[in-house]
>>> print(open('protein.cif').read())   # mmCIF, C-alpha atoms
data_input
#
loop_
_atom_site.label_atom_id
_atom_site.label_comp_id
_atom_site.auth_asym_id
_atom_site.auth_seq_id
_atom_site.Cartn_x
_atom_site.Cartn_y
_atom_site.Cartn_z
CA MET A 1 -5.39 -9.02 -20.47
CA VAL A 2 -6.28 -10.02 -16.93
CA GLU A 3 -9.42 -8.29 -15.69
CA GLY A 4 -8.60 -5.18 -13.68
CA VAL A 5 -4.93 -5.21 -14.71
CA VAL A 6 -3.31 -2.89 -17.23
CA ILE A 7 -0.54 -4.68 -19.08
CA PRO A 8 2.41 -2.35 -19.60
CA ALA A 9 3.80 -1.67 -23.04
CA GLY A 10 7.00 -3.63 -22.52
CA GLU A 11 5.20 -6.89 -21.85
CA ARG A 12 3.45 -6.55 -25.19
CA SER A 13 6.39 -5.28 -27.19
CA GLY A 14 9.26 -7.24 -25.67
CA VAL A 15 11.06 -4.29 -24.09
CA VAL A 16 13.83 -5.49 -21.82
CA GLY A 17 14.72 -4.44 -18.31
CA SER A 18 18.16 -4.24 -16.76
CA GLY A 19 20.71 -6.82 -17.79
CA GLY A 20 19.42 -7.07 -21.34
CA ARG A 21 16.50 -9.38 -20.50
CA ARG A 22 12.81 -8.92 -20.18
CA SER A 23 11.95 -8.42 -16.51
CA ARG A 24 8.80 -10.51 -16.28
CA ALA A 25 8.57 -10.18 -12.49
CA GLY A 26 8.77 -6.42 -12.83
CA THR A 27 6.18 -6.14 -15.59
CA SER A 28 3.84 -8.32 -13.58
CA GLN A 29 4.24 -6.13 -10.48
CA VAL A 30 3.73 -2.91 -12.41
CA GLY A 31 0.73 -4.26 -14.31
CA ALA A 32 -0.90 -5.59 -11.17
CA LEU A 33 -0.83 -2.08 -9.74
CA GLY A 34 -2.58 -0.62 -12.78
CA VAL A 35 0.33 1.58 -13.86
CA HIS A 36 0.41 2.04 -17.62
CA LEU A 37 3.91 2.56 -18.99
CA THR A 38 3.60 3.73 -22.59
CA ASP A 39 7.21 4.70 -23.29
CA PRO A 40 9.66 1.77 -23.75
CA ARG A 41 12.57 3.76 -22.33
CA VAL A 42 10.68 4.73 -19.19
CA GLU A 43 9.45 1.17 -18.81
CA ALA A 44 12.98 -0.24 -19.15
CA SER A 45 14.24 2.29 -16.60
CA VAL A 46 11.50 1.50 -14.07
CA LEU A 47 11.93 -2.24 -14.47
CA GLY A 48 15.68 -1.84 -14.11
CA VAL A 49 15.17 -0.15 -10.74
CA LEU A 50 12.77 -2.89 -9.62
CA ASP A 51 15.26 -5.58 -10.66
CA GLY A 52 17.97 -3.81 -8.68
CA VAL A 53 15.68 -3.58 -5.66
CA GLU A 54 15.02 -7.34 -5.70
CA ALA A 55 18.72 -8.12 -5.71
CA GLU A 56 19.62 -5.59 -3.02
CA LEU A 57 16.73 -6.59 -0.76
CA ARG A 58 18.08 -10.09 -0.39
CA ALA A 59 21.62 -8.85 0.16
CA SER A 60 20.58 -6.18 2.66
CA VAL A 61 18.77 -8.55 5.03
CA ALA A 62 21.61 -11.09 5.19
CA SER A 63 23.06 -11.65 8.64
CA ALA A 64 25.99 -13.52 10.12
CA ASP A 65 23.34 -15.63 11.86
CA PRO A 66 21.73 -18.02 9.32
CA PHE A 67 18.47 -18.12 11.30
CA VAL A 68 18.14 -14.31 11.24
CA THR A 69 18.82 -14.35 7.49
CA GLU A 70 16.14 -16.99 6.93
CA ALA A 71 13.54 -15.16 9.02
CA ALA A 72 14.38 -11.76 7.53
CA ARG A 73 14.15 -13.08 3.97
CA HIS A 74 10.84 -14.79 4.69
CA LEU A 75 8.63 -11.96 3.43
CA VAL A 76 11.15 -10.72 0.87
CA GLU A 77 10.95 -14.06 -0.90
CA ALA A 78 7.16 -14.22 -0.54
CA GLY A 79 7.00 -11.41 -3.09
CA GLY A 80 4.57 -8.50 -2.99
CA LYS A 81 3.49 -5.55 -5.09
CA ARG A 82 6.66 -3.49 -4.47
CA PHE A 83 4.39 -0.43 -4.65
CA ARG A 84 6.83 1.75 -2.72
CA PRO A 85 9.89 0.95 -4.88
CA LEU A 86 7.70 1.57 -7.92
CA LEU A 87 6.89 5.07 -6.65
CA VAL A 88 10.61 5.69 -6.08
CA ALA A 89 11.37 4.54 -9.63
CA LEU A 90 8.64 6.71 -11.16
CA GLY A 91 9.58 9.73 -9.06
CA ALA A 92 13.18 9.43 -10.23
CA GLN A 93 12.00 9.83 -13.84
CA PHE A 94 11.67 13.57 -13.19
CA GLY A 95 15.43 13.75 -12.73
CA ASP A 96 18.10 11.16 -13.47
CA PRO A 97 16.68 7.66 -12.78
CA THR A 98 20.13 6.12 -13.34
CA ASP A 99 21.59 7.82 -10.26
CA ALA A 100 23.29 5.20 -8.08
CA GLN A 101 21.26 6.25 -5.02
CA VAL A 102 17.85 5.53 -6.52
CA VAL A 103 17.88 1.76 -5.95
CA PRO A 104 19.17 2.00 -2.34
CA ALA A 105 16.51 4.62 -1.62
CA ALA A 106 13.84 2.23 -2.90
CA VAL A 107 15.27 -0.57 -0.77
CA VAL A 108 15.08 1.64 2.34
CA MET A 109 11.38 2.18 1.68
CA GLU A 110 10.61 -1.48 1.05
CA LEU A 111 12.55 -2.65 4.11
CA THR A 112 10.64 -0.16 6.26
CA HIS A 113 7.38 -1.47 4.82
CA LEU A 114 8.36 -5.12 5.34
CA ALA A 115 9.30 -4.40 8.94
CA THR A 116 5.80 -3.06 9.62
CA LEU A 117 4.29 -6.25 8.17
CA TYR A 118 6.15 -8.43 10.67
CA HIS A 119 4.79 -6.28 13.49
CA ASP A 120 1.28 -6.05 11.99
CA ASP A 121 0.98 -9.83 11.78
CA VAL A 122 1.78 -10.13 15.48
CA MET A 123 -0.81 -7.51 16.41
CA ASP A 124 -3.42 -9.02 14.09
CA GLU A 125 -2.54 -12.61 15.06
CA ALA A 126 -2.34 -13.33 11.34
CA ALA A 127 -1.58 -16.88 10.23
CA VAL A 128 -0.85 -16.11 6.57
CA ARG A 129 0.95 -13.30 4.75
CA ARG A 130 1.32 -13.18 0.95
CA GLY A 131 0.12 -16.74 0.62
CA ALA A 132 2.74 -18.14 3.00
CA PRO A 133 2.71 -18.79 6.75
CA SER A 134 3.33 -15.54 8.60
CA ALA A 135 6.60 -15.22 10.51
CA ASN A 136 4.80 -15.27 13.84
CA SER A 137 2.97 -18.49 13.00
CA ARG A 138 6.06 -20.14 11.54
CA TRP A 139 8.27 -19.16 14.46
CA THR A 140 6.90 -17.09 17.38
CA ASN A 141 5.56 -13.62 18.07
CA SER A 142 8.82 -12.68 19.75
CA VAL A 143 10.88 -13.72 16.73
CA ALA A 144 8.57 -11.81 14.37
CA ILE A 145 8.84 -8.63 16.44
CA LEU A 146 12.61 -8.88 16.66
CA VAL A 147 12.98 -9.55 12.93
CA GLY A 148 10.83 -6.50 12.24
CA ASP A 149 13.15 -4.50 14.47
CA TYR A 150 16.14 -5.89 12.57
CA LEU A 151 14.64 -4.77 9.24
CA PHE A 152 14.02 -1.28 10.62
CA ALA A 153 17.67 -1.19 11.67
CA ARG A 154 18.84 -2.34 8.26
CA ALA A 155 16.71 0.34 6.60
CA ALA A 156 18.24 3.00 8.86
CA ASP A 157 21.73 1.72 8.08
CA LEU A 158 21.12 2.00 4.34
CA ALA A 159 19.53 5.44 4.79
CA ALA A 160 22.72 6.62 6.53
CA ASP A 161 24.63 5.95 3.31
CA LEU A 162 22.20 8.28 1.53
CA GLY A 163 22.84 11.20 3.87
CA THR A 164 21.43 12.91 6.93
CA GLU A 165 18.28 14.13 5.16
CA ALA A 166 17.39 10.56 4.17
CA VAL A 167 17.89 9.42 7.78
CA ARG A 168 15.71 12.27 9.05
CA LEU A 169 12.91 11.56 6.56
CA GLN A 170 12.97 7.81 7.21
CA ALA A 171 12.85 8.41 10.99
CA ARG A 172 9.97 10.89 10.70
CA THR A 173 8.08 8.50 8.46
CA PHE A 174 8.64 5.72 10.98
CA ALA A 175 7.28 8.00 13.70
CA ARG A 176 4.13 8.63 11.64
CA LEU A 177 3.69 4.89 11.11
CA VAL A 178 3.87 4.31 14.85
CA HIS A 179 1.46 7.16 15.59
CA GLY A 180 -0.98 5.69 13.08
CA GLN A 181 -0.76 2.25 14.64
CA ILE A 182 -1.31 3.68 18.12
CA ALA A 183 -4.31 5.67 16.91
CA GLU A 184 -5.78 2.55 15.31
CA THR A 185 -5.18 0.49 18.45
CA VAL A 186 -6.69 3.07 20.80
CA GLY A 187 -9.58 3.93 18.50
CA PRO A 188 -11.51 7.21 18.21
CA ARG A 189 -11.51 9.30 21.35
CA ALA A 190 -14.65 10.68 22.95
CA GLY A 191 -16.34 13.09 20.58
CA GLU A 192 -14.04 12.23 17.64
CA ASP A 193 -15.66 11.47 14.29
CA PRO A 194 -14.94 7.78 13.52
CA VAL A 195 -14.60 8.46 9.79
CA ALA A 196 -12.12 11.32 10.32
CA HIS A 197 -10.20 9.12 12.75
CA TYR A 198 -10.07 6.27 10.23
CA LEU A 199 -8.85 8.50 7.41
CA HIS A 200 -6.17 9.89 9.73
CA VAL A 201 -5.00 6.37 10.59
CA ILE A 202 -4.70 5.46 6.90
CA ALA A 203 -2.78 8.66 6.14
CA GLU A 204 -0.34 7.88 8.96
CA LYS A 205 0.01 4.13 8.44
CA THR A 206 -0.16 3.93 4.64
CA GLY A 207 0.03 7.37 3.06
CA SER A 208 3.15 8.46 4.95
CA LEU A 209 5.45 5.74 3.62
CA ILE A 210 4.17 6.04 0.06
CA ALA A 211 4.66 9.82 0.26
CA THR A 212 8.26 9.37 1.36
CA SER A 213 8.80 6.81 -1.40
CA ALA A 214 7.72 9.28 -4.07
CA ARG A 215 9.77 12.00 -2.37
CA PHE A 216 12.86 9.77 -2.32
CA GLY A 217 12.44 9.17 -6.04
CA GLY A 218 12.49 12.88 -6.74
CA MET A 219 15.28 13.59 -4.24
CA PHE A 220 17.69 10.91 -5.34
CA GLY A 221 16.86 11.30 -9.00
CA GLY A 222 17.83 14.95 -8.67
CA ALA A 223 14.41 16.44 -9.45
CA SER A 224 13.73 20.06 -8.51
CA ALA A 225 12.40 20.92 -5.05
CA GLU A 226 9.03 21.89 -6.56
CA HIS A 227 8.70 18.59 -8.39
CA THR A 228 9.81 16.60 -5.35
CA GLU A 229 7.17 18.27 -3.18
CA ALA A 230 4.52 17.55 -5.81
CA LEU A 231 5.56 13.90 -5.86
CA ALA A 232 5.33 13.65 -2.07
CA GLY A 233 1.84 15.17 -2.03
CA TYR A 234 0.75 12.81 -4.76
CA GLY A 235 2.23 9.83 -2.92
CA GLU A 236 0.37 10.49 0.31
CA THR A 237 -2.95 11.03 -1.40
CA ILE A 238 -2.71 8.08 -3.77
CA GLY A 239 -1.63 5.89 -0.85
CA VAL A 240 -4.82 6.73 1.04
CA ALA A 241 -6.88 6.19 -2.11
CA PHE A 242 -5.32 2.79 -2.71
CA GLN A 243 -6.00 1.61 0.85
CA LEU A 244 -9.59 2.86 0.71
CA SER A 245 -10.13 1.07 -2.60
CA ASP A 246 -8.94 -2.16 -0.96
CA ASP A 247 -11.61 -1.58 1.70
CA LEU A 248 -14.25 -1.39 -1.00
CA LEU A 249 -12.98 -4.47 -2.79
CA ASP A 250 -13.36 -6.43 0.43
CA ILE A 251 -17.07 -5.65 0.22
CA ALA A 252 -17.80 -5.32 -3.49
CA SER A 253 -15.58 -7.95 -5.11
CA GLU A 254 -16.98 -11.39 -5.87
CA SER A 255 -13.42 -12.74 -6.14
CA VAL A 256 -10.12 -12.42 -4.29
CA GLN A 257 -9.17 -9.29 -6.26
CA SER A 258 -8.21 -7.55 -3.01
CA GLY A 259 -5.82 -10.37 -2.11
CA LYS A 260 -8.14 -11.90 0.51
CA THR A 261 -11.52 -13.59 0.70
CA PRO A 262 -14.33 -11.03 0.17
CA GLY A 263 -15.90 -9.92 3.43
CA THR A 264 -12.87 -10.79 5.56
CA ASP A 265 -12.79 -7.37 7.26
CA LEU A 266 -16.53 -7.62 7.90
CA ARG A 267 -16.18 -11.07 9.44
CA GLU A 268 -13.35 -9.90 11.70
CA GLY A 269 -15.15 -6.72 12.78
CA VAL A 270 -12.65 -4.36 11.12
CA PRO A 271 -14.45 -1.00 10.73
CA THR A 272 -13.56 -0.05 7.14
CA LEU A 273 -14.95 3.01 5.36
CA PRO A 274 -18.18 1.47 3.95
CA VAL A 275 -19.00 0.05 7.38
CA LEU A 276 -18.32 3.36 9.11
CA TYR A 277 -20.54 5.18 6.62
CA ALA A 278 -23.29 2.59 7.12
CA ARG A 279 -23.11 2.89 10.91
CA ALA A 280 -23.30 6.69 10.77
CA ALA A 281 -26.14 6.82 8.24
CA ASP A 282 -29.62 7.89 9.27
CA ASP A 283 -31.44 6.28 6.32
CA SER A 284 -34.78 4.96 7.52
CA ASP A 285 -35.44 2.34 4.83
CA ALA A 286 -35.70 -1.24 6.05
CA ALA A 287 -32.44 -2.39 4.44
CA SER A 288 -30.38 0.38 6.04
CA VAL A 289 -31.95 -0.14 9.45
CA ARG A 290 -31.35 -3.89 9.26
CA LEU A 291 -27.74 -3.34 8.18
CA ARG A 292 -27.07 -1.09 11.17
CA GLU A 293 -28.60 -3.68 13.47
CA ILE A 294 -26.29 -6.41 12.15
CA LEU A 295 -23.17 -4.22 12.21
CA ALA A 296 -23.86 -3.26 15.82
CA THR A 297 -23.34 -6.89 16.87
CA GLY A 298 -19.57 -6.76 16.20
CA PRO A 299 -17.53 -9.35 14.28
CA LEU A 300 -19.81 -11.37 12.01
CA VAL A 301 -18.65 -14.91 12.64
CA ASP A 302 -22.10 -16.34 11.95
CA ASP A 303 -22.16 -17.30 8.26
CA ALA A 304 -25.80 -16.36 7.73
CA LEU A 305 -25.44 -12.92 9.33
CA HIS A 306 -22.18 -12.34 7.46
CA ALA A 307 -23.79 -13.17 4.10
CA GLU A 308 -26.79 -10.97 4.88
CA ALA A 309 -24.64 -8.00 5.89
CA LEU A 310 -22.39 -8.40 2.86
CA GLY A 311 -25.40 -8.41 0.55
CA LEU A 312 -26.93 -5.36 2.23
CA LEU A 313 -23.64 -3.45 2.13
CA ARG A 314 -23.20 -4.12 -1.57
CA GLU A 315 -26.54 -2.46 -2.29
CA SER A 316 -26.23 0.30 0.33
CA PRO A 317 -25.86 4.07 -0.04
CA ALA A 318 -22.82 3.67 2.23
CA LEU A 319 -20.92 1.74 -0.44
CA LYS A 320 -21.82 4.34 -3.05
CA ARG A 321 -20.60 7.11 -0.75
CA ALA A 322 -17.36 5.22 -0.10
CA ARG A 323 -16.81 4.87 -3.87
CA GLU A 324 -17.25 8.62 -4.22
CA THR A 325 -14.68 9.16 -1.46
CA VAL A 326 -12.15 6.95 -3.24
CA ARG A 327 -12.73 8.74 -6.52
CA SER A 328 -12.31 12.10 -4.74
CA TYR A 329 -8.93 11.03 -3.33
CA ALA A 330 -7.83 9.71 -6.72
CA GLU A 331 -8.72 13.01 -8.38
CA ASP A 332 -7.00 14.95 -5.60
CA ALA A 333 -3.87 12.89 -6.20
CA ARG A 334 -4.06 13.71 -9.91
CA SER A 335 -4.27 17.42 -9.11
CA GLN A 336 -1.08 17.12 -7.03
CA LEU A 337 0.77 16.27 -10.26
CA ALA A 338 0.03 19.67 -11.85
CA PRO A 339 3.55 21.11 -11.28
CA LEU A 340 5.18 18.12 -13.02
CA PRO A 341 5.98 18.26 -16.74
CA GLN A 342 3.73 16.36 -19.13
CA GLY A 343 5.25 13.13 -20.40
CA PRO A 344 5.24 9.35 -20.00
CA ALA A 345 6.30 9.42 -16.32
CA ARG A 346 3.50 11.77 -15.33
CA GLY A 347 1.14 9.75 -17.52
CA ALA A 348 2.08 6.60 -15.61
CA LEU A 349 1.27 8.29 -12.30
CA GLU A 350 -2.03 9.54 -13.71
CA SER A 351 -2.89 6.03 -14.93
CA LEU A 352 -2.69 4.86 -11.32
CA CYS A 353 -5.32 7.45 -10.40
CA ASP A 354 -7.58 6.09 -13.16
CA TYR A 355 -7.02 2.52 -12.04
CA ILE A 356 -7.86 3.22 -8.42
CA ALA A 357 -10.96 5.23 -9.33
CA ASP A 358 -12.19 2.49 -11.66
CA ARG A 359 -11.25 -0.72 -9.82
CA THR A 360 -14.14 -0.43 -7.37
CA SER A 361 -16.80 0.90 -9.77
#
>>> encode(input="protein.cif", output="structure tokens")
Amino acid sequence: MVEGVVIPAGERSGVVGSGGRRSRAGTSQVGALGVHLTDPRVEASVLGVLDGVEAELRASVASADPFVTEAARHLVEAGGKRFRPLLVALGAQFGDPTDAQVVPAAVVMELTHLATLYHDDVMDEAAVRRGAPSANSRWTNSVAILVGDYLFARAADLAADLGTEAVRLQARTFARLVHGQIAETVGPRAGEDPVAHYLHVIAEKTGSLIATSARFGGMFGGASAEHTEALAGYGETIGVAFQLSDDLLDIASESVQSGKTPGTDLREGVPTLPVLYARAADDSDAASVRLREILATGPLVDDALHAEALGLLRESPALKRARETVRSYAEDARSQLAPLPQGPARGALESLCDYIADRTS
């Protein structure tokens, strides 16, 4: 078992996904997210949805223009966690996960997510995404922006096949994503608490799409309205928890567990939760005072200062407080599941809460 990864039952027992074969890509994605699937039938169903998503993603971004197809498939073929399709697949377990609309609903969510990544890389001037050259570095910023727009359009087109409510929800989610990005770009306004602002940005940019993913699973699986609302509440809260836990891994991890070199956010001056807590603290001990002094200088491009700040943060009360915040969100997400029936699908969602609470301990 890889450290920090829960291997699902099917990978151990040889359960197959769709098409009568073991879906190794799917089991790897699910395991990497810490979701524990204990029932072979649920596992096979979830992996079947993920297999369907992979196939439809490639088909849905195809264009009559070969260059557009190549650029649009760039991030699809780079892989990824497929967290949002996974939430759709798990949400559908509370109804009929074999409904023909479940896979397209998951594709709508993943396309929307991928579109934001093209735009994010332009704004962040990122050179790499998912281990491959970012679209903006491989082509140009203009191409990356336009391909992101194309993916948003393809997502809307697929949503139209699912009905007016799907279109409305996808559009409102898109609006929240944009509001979150604007809030992040502008920063906290005068008198606004930086921590509250940061948590709001994460809810808008990350939690909103994961909430809609879980909601889509319930909706298109035919779950009851009560269960669908519970899934949406869970999705938003667990999405915030997952992003916050990535913030902590950037500080606390000695490896690339978070998917990037530890301390990257610190080096680039990105004000993540531990840093915000450290800045706002009034601890008078020498370590806390020194940490605030270093953080006040901005991006830590100097290797010595970066190493010093990283070491101080790892031992700081701010990191402990941030861990408690993550655990609080994970437990809040678990409480959102209360209306759902006990069973392997709910257990899988609860296992994600455990994973997020424990991965930064």
>>> resolve_selection(input="protein.cif", expression="the PyMOL selection byres ((chain A and resi 86) around 9)", output="PDB file with C-alpha atoms, keeping the file's coordinate frame")
ATOM      1  CA  GLN A  29       4.240  -6.130 -10.480  1.00  0.00           C
ATOM      2  CA  VAL A  30       3.730  -2.910 -12.410  1.00  0.00           C
ATOM      3  CA  VAL A  46      11.500   1.500 -14.070  1.00  0.00           C
ATOM      4  CA  LEU A  47      11.930  -2.240 -14.470  1.00  0.00           C
ATOM      5  CA  VAL A  49      15.170  -0.150 -10.740  1.00  0.00           C
ATOM      6  CA  LEU A  50      12.770  -2.890  -9.620  1.00  0.00           C
ATOM      7  CA  LYS A  81       3.490  -5.550  -5.090  1.00  0.00           C
ATOM      8  CA  ARG A  82       6.660  -3.490  -4.470  1.00  0.00           C
ATOM      9  CA  PHE A  83       4.390  -0.430  -4.650  1.00  0.00           C
ATOM     10  CA  ARG A  84       6.830   1.750  -2.720  1.00  0.00           C
ATOM     11  CA  PRO A  85       9.890   0.950  -4.880  1.00  0.00           C
ATOM     12  CA  LEU A  87       6.890   5.070  -6.650  1.00  0.00           C
ATOM     13  CA  VAL A  88      10.610   5.690  -6.080  1.00  0.00           C
ATOM     14  CA  ALA A  89      11.370   4.540  -9.630  1.00  0.00           C
ATOM     15  CA  LEU A  90       8.640   6.710 -11.160  1.00  0.00           C
ATOM     16  CA  GLY A  91       9.580   9.730  -9.060  1.00  0.00           C
ATOM     17  CA  ALA A 106      13.840   2.230  -2.900  1.00  0.00           C
ATOM     18  CA  SER A 213       8.800   6.810  -1.400  1.00  0.00           C
ATOM     19  CA  ALA A 214       7.720   9.280  -4.070  1.00  0.00           C
TER      20      ALA A 214
END
>>> resolve_selection(input="protein.cif", expression="the PyMOL selection byres ((chain A and resi 56) around 12)", output="list in words")
Val49, Leu50, Asp51, Gly52, Val53, Glu54, Ala55, Leu57, Arg58, Ala59, Ser60, Val61, Ala62, Arg73, Val76, Pro85, Val102, Val103, Pro104, Ala105, Ala106, Val107, Val108, Glu110, Leu111, Arg154, Ala155 and Leu158 of chain A
>>> write_last_selection(input="protein.cif", atoms="C-alpha atoms", output="mmCIF file, in the frame of the given file")
data_model
loop_
_atom_site.group_PDB
_atom_site.id
_atom_site.type_symbol
_atom_site.label_atom_id
_atom_site.label_comp_id
_atom_site.auth_asym_id
_atom_site.auth_seq_id
_atom_site.Cartn_x
_atom_site.Cartn_y
_atom_site.Cartn_z
ATOM 1 C CA VAL A 49 15.170 -0.150 -10.740
ATOM 2 C CA LEU A 50 12.770 -2.890 -9.620
ATOM 3 C CA ASP A 51 15.260 -5.580 -10.660
ATOM 4 C CA GLY A 52 17.970 -3.810 -8.680
ATOM 5 C CA VAL A 53 15.680 -3.580 -5.660
ATOM 6 C CA GLU A 54 15.020 -7.340 -5.700
ATOM 7 C CA ALA A 55 18.720 -8.120 -5.710
ATOM 8 C CA LEU A 57 16.730 -6.590 -0.760
ATOM 9 C CA ARG A 58 18.080 -10.090 -0.390
ATOM 10 C CA ALA A 59 21.620 -8.850 0.160
ATOM 11 C CA SER A 60 20.580 -6.180 2.660
ATOM 12 C CA VAL A 61 18.770 -8.550 5.030
ATOM 13 C CA ALA A 62 21.610 -11.090 5.190
ATOM 14 C CA ARG A 73 14.150 -13.080 3.970
ATOM 15 C CA VAL A 76 11.150 -10.720 0.870
ATOM 16 C CA PRO A 85 9.890 0.950 -4.880
ATOM 17 C CA VAL A 102 17.850 5.530 -6.520
ATOM 18 C CA VAL A 103 17.880 1.760 -5.950
ATOM 19 C CA PRO A 104 19.170 2.000 -2.340
ATOM 20 C CA ALA A 105 16.510 4.620 -1.620
ATOM 21 C CA ALA A 106 13.840 2.230 -2.900
ATOM 22 C CA VAL A 107 15.270 -0.570 -0.770
ATOM 23 C CA VAL A 108 15.080 1.640 2.340
ATOM 24 C CA GLU A 110 10.610 -1.480 1.050
ATOM 25 C CA LEU A 111 12.550 -2.650 4.110
ATOM 26 C CA ARG A 154 18.840 -2.340 8.260
ATOM 27 C CA ALA A 155 16.710 0.340 6.600
ATOM 28 C CA LEU A 158 21.120 2.000 4.340
#
>>> atom_distance(input="protein.cif", atom1="CA of Leu249 (chain A)", atom2="CA of Arg327 (chain A)")
13.7 Å
>>> residues_around(input="protein.cif", residues="Arg176 (chain A)", least_positions_apart="2", cutoff="7 Å", atoms="only C-alpha atoms", output="PyMOL selection string")
chain A and resi 172-174+178-180+204-205+208
>>> resolve_selection(input="protein.cif", expression="the PyMOL selection byres ((chain A and resi 307) around 12)", output="number ranges by chain")
A: 251, 262-264, 266-267, 291, 294, 300-306, 308-314
>>> closest_residue(input="protein.cif", among="A:Asp99, A:Asp39, A:Glu268, A:Asp193", to="Gly221 (chain A)", atoms="all atoms listed in the file")
A:Asp99
>>> residues_around(input="protein.cif", residues="region 224-240 of chain A", least_positions_apart="6", cutoff="8 Å", atoms="all atoms listed in the file", output="ChimeraX atom specification")
/A:87,91,94-95,199,202-203,206-215,217-218,329-330,332-334,336-340,353
>>> closest_residue(input="protein.cif", among="A:Asp161, A:Glu43, A:Glu70, A:Asp265", to="Ala144 (chain A)", atoms="all atoms listed in the file")
A:Glu70
>>> axis_aligned_box(input="protein.cif", around="region 83-86 of chain A", padding_each_side="4 Å", output="JSON")
{"center_x": 7.1, "center_y": 0.7, "center_z": -5.3, "size_x": 13.5, "size_y": 10.2, "size_z": 13.2}
>>> closest_residue(input="protein.cif", among="A:His113, A:Arg279, A:Arg189, A:Arg323", to="Phe152 (chain A)", atoms="only C-alpha atoms")
A:His113
>>> atom_distance(input="protein.cif", atom1="CA of Leu319 (chain A)", atom2="CA of Pro188 (chain A)")
21.6 Å
>>> closest_residue(input="protein.cif", among="A:Ala241, A:Asp282, A:Ala78, A:Thr360", to="Glu331 (chain A)", atoms="only C-alpha atoms")
A:Ala241
>>> atom_distance(input="protein.cif", atom1="CA of Val275 (chain A)", atom2="CA of Gln181 (chain A)")
19.8 Å
>>> residues_near_point(input="protein.cif", point="(-15.6, 2.5, -1.8)", cutoff="8 Å", atoms="only C-alpha atoms", output="MDAnalysis selection string")
chainID A and resid 244:245 247:249 273:274 319:326 360
>>> decode(input="protein.cif", residues="region 176-199 of chain A", atoms="C-alpha atoms", output="tab-separated table (two decimals), in the first residue's frame")
chain	number	residue	atom	x	y	z
A	176	ARG	CA	-19.56	31.23	-8.69
A	177	LEU	CA	-16.22	30.12	-10.14
A	178	VAL	CA	-15.80	33.50	-11.80
A	179	HIS	CA	-16.81	35.39	-8.66
A	180	GLY	CA	-14.25	33.38	-6.70
A	181	GLN	CA	-11.50	34.12	-9.18
A	182	ILE	CA	-12.34	37.84	-9.14
A	183	ALA	CA	-12.32	37.87	-5.34
A	184	GLU	CA	-8.94	36.14	-5.30
A	185	THR	CA	-7.53	38.56	-7.88
A	186	VAL	CA	-8.80	41.68	-6.10
A	187	GLY	CA	-7.92	40.43	-2.63
A	188	PRO	CA	-9.56	41.30	0.70
A	189	ARG	CA	-11.25	44.66	0.78
A	190	ALA	CA	-10.62	47.27	3.45
A	191	GLY	CA	-11.71	45.94	6.82
A	192	GLU	CA	-12.32	42.39	5.52
A	193	ASP	CA	-10.82	39.50	7.49
A	194	PRO	CA	-8.18	37.88	5.23
A	195	VAL	CA	-8.97	34.39	6.54
A	196	ALA	CA	-12.72	34.78	5.92
A	197	HIS	CA	-11.94	36.15	2.46
A	198	TYR	CA	-9.68	33.19	1.69
A	199	LEU	CA	-12.25	30.63	2.82
